[in-house]
Amino acid sequence: MKKGKPYVFCALLFVCCFLCGHGLAWLQGSVLTTATPNTTAKLAIIIDDFGYGGEGTGEMLALDIPFTAAVMPFSEQTAQDLQQAVSAGKDVIIHMPMEALTGKKEWVGKKGIFCDMSETDIRQRMAEAYEVIPQAIGVNNHMGSAVMENERILDVVLDVVKEKQGVFVDSVTTPNSKCGALAEQKGISYFKRDVFLDSTDSVQKVEQQLRKAAEIAKKNGVAVAIGHVGPEGGMVTVQALQNLKEPLQKEGISFVKVSELSER
């Protein structure tokens, strides 16, 4: 019997290893099948104010991050900035100057959308903008708090966007915007800004805003953030985007262009 003990011990050890191995495999399989799937949150960044050749234009377009370039249609470097944006593979939308509730009228420029314009004049102005930026997949408003509260003006603007099969992005320059309700009535793809990224000279503050946008995207599945080239953002915004690109991607954030968004 003493000679048999090693064999008994080995047999018992084999059985234990077999059961433990299969138990571990079953447990691993159970964990794998019940784990929460990795969902990706979409963050669409729109960069306003292309068309002036403003600070950070080249550097912004060189970023290896999908974003949408909002180009001013009637500015001194519209054609040049537009070509650079298209060559960089960015979505392009018309950054349409519109009358604001505050500030000087000349800040909008001579070729904007104003509340005293007729339907014919609005259509003509929108047509001019699309002629200058034929690659546009849609429109967002530059300034425009007065227009965004004016249903008569918005009705015409949105009709043109619908005819062009485009999207409208509300920059939310007023909390009383009528755009969302009108866009829904017309069946237009509509998005609105969740976060402004910049208007600061602090890279850290832009990073804070980016993280805020990322948290909204994680919660809702989608978020829209607006930044700028030129004095409102420029290299400060470029640096913040460079700094947080990889960290946010590791957190599950997917940077997308407006054309990649599903309608909310």
# chains A, B, ... in the order shown; residues from 1 in each chain; ligands from 1
$ closest_atom_pairs --of "range 115-213 of chain A" --to "range 227-238 of chain A" --cutoff "8 Å" --atoms "only C-alpha atoms" --output "JSON lines"
{"residue": "A:Phe196", "atom": "CA", "partner": "A:Gly227", "partner_atom": "CA", "distance": 6.2}
{"residue": "A:Leu197", "atom": "CA", "partner": "A:Gly227", "partner_atom": "CA", "distance": 5.0}
{"residue": "A:Asp198", "atom": "CA", "partner": "A:Gly233", "partner_atom": "CA", "distance": 5.4}
{"residue": "A:Ser199", "atom": "CA", "partner": "A:Glu232", "partner_atom": "CA", "distance": 4.4}
{"residue": "A:Thr200", "atom": "CA", "partner": "A:Gly233", "partner_atom": "CA", "distance": 6.7}
{"residue": "A:Asp201", "atom": "CA", "partner": "A:Val236", "partner_atom": "CA", "distance": 6.3}
{"residue": "A:Ser202", "atom": "CA", "partner": "A:Val236", "partner_atom": "CA", "distance": 6.6}
{"residue": "A:Val203", "atom": "CA", "partner": "A:Val236", "partner_atom": "CA", "distance": 5.2}
{"residue": "A:Val206", "atom": "CA", "partner": "A:Thr237", "partner_atom": "CA", "distance": 6.4}
$ select_by_dssp --residues "range 27-145 of chain A" --states "alpha helix (DSSP H)" --output "JSON, numbers by chain"
{"A": [27, 28, 29, 30, 31, 32, 33, 34, 57, 58, 59, 60, 61, 62, 78, 79, 80, 81, 82, 83, 84, 85, 86, 87, 119, 120, 121, 122, 123, 124, 125, 126, 127, 128, 129, 130, 131, 132, 145]}
$ atom_distance --atom1 "CA of Gly112 in chain A" --atom2 "CA of Gly51 in chain A"
14.5 Å
$ residues_around --residues "Leu248 in chain A" --least-positions-apart "5" --cutoff "9 Å" --atoms "only C-alpha atoms" --output "list of chain:residue names"
A:Arg211, A:Ala214, A:Ile253, A:Ser254
$ write_last_selection --atoms "all heavy atoms" --output "PDB file, in the first residue's frame"
ATOM      1  N   ARG A 211     -12.429  68.459 -22.013  1.00  0.00           N
ATOM      2  CA  ARG A 211     -12.829  67.371 -21.118  1.00  0.00           C
ATOM      3  C   ARG A 211     -14.321  67.447 -20.791  1.00  0.00           C
ATOM      4  O   ARG A 211     -14.998  66.430 -20.662  1.00  0.00           O
ATOM      5  CB  ARG A 211     -11.982  67.393 -19.842  1.00  0.00           C
ATOM      6  CG  ARG A 211     -10.535  66.963 -20.090  1.00  0.00           C
ATOM      7  CD  ARG A 211      -9.838  66.555 -18.826  1.00  0.00           C
ATOM      8  NE  ARG A 211      -8.505  66.023 -19.092  1.00  0.00           N
ATOM      9  CZ  ARG A 211      -8.264  64.781 -19.464  1.00  0.00           C
ATOM     10  NH1 ARG A 211      -9.282  63.929 -19.623  1.00  0.00           N
ATOM     11  NH2 ARG A 211      -7.037  64.370 -19.694  1.00  0.00           N
ATOM     12  N   ALA A 214     -16.034  66.020 -23.682  1.00  0.00           N
ATOM     13  CA  ALA A 214     -15.864  64.565 -23.683  1.00  0.00           C
ATOM     14  C   ALA A 214     -16.829  63.901 -22.710  1.00  0.00           C
ATOM     15  O   ALA A 214     -17.407  62.845 -23.010  1.00  0.00           O
ATOM     16  CB  ALA A 214     -14.425  64.208 -23.325  1.00  0.00           C
ATOM     17  N   ILE A 253     -13.215  58.154 -26.499  1.00  0.00           N
ATOM     18  CA  ILE A 253     -13.726  59.258 -27.308  1.00  0.00           C
ATOM     19  C   ILE A 253     -13.271  59.089 -28.752  1.00  0.00           C
ATOM     20  O   ILE A 253     -12.092  58.891 -29.025  1.00  0.00           O
ATOM     21  CB  ILE A 253     -13.230  60.619 -26.771  1.00  0.00           C
ATOM     22  CG1 ILE A 253     -13.777  60.871 -25.367  1.00  0.00           C
ATOM     23  CG2 ILE A 253     -13.630  61.753 -27.717  1.00  0.00           C
ATOM     24  CD1 ILE A 253     -15.279  61.002 -25.285  1.00  0.00           C
ATOM     25  N   SER A 254     -14.216  59.192 -29.663  1.00  0.00           N
ATOM     26  CA  SER A 254     -13.920  59.135 -31.090  1.00  0.00           C
ATOM     27  C   SER A 254     -14.161  60.516 -31.698  1.00  0.00           C
ATOM     28  O   SER A 254     -15.279  61.028 -31.661  1.00  0.00           O
ATOM     29  CB  SER A 254     -14.810  58.096 -31.781  1.00  0.00           C
ATOM     30  OG  SER A 254     -14.582  58.085 -33.180  1.00  0.00           O
TER      31      SER A 254
END
$ residues_around --residues "range 158-173 of chain A" --least-positions-apart "3" --cutoff "9 Å" --atoms "only C-alpha atoms" --output "NGL selection string"
:A and (93 or 100 or 123 or 126-127 or 130 or 136-145 or 148 or 153-155 or 176-177 or 179-180 or 182-183 or 186-194 or 196 or 226 or 258-259)
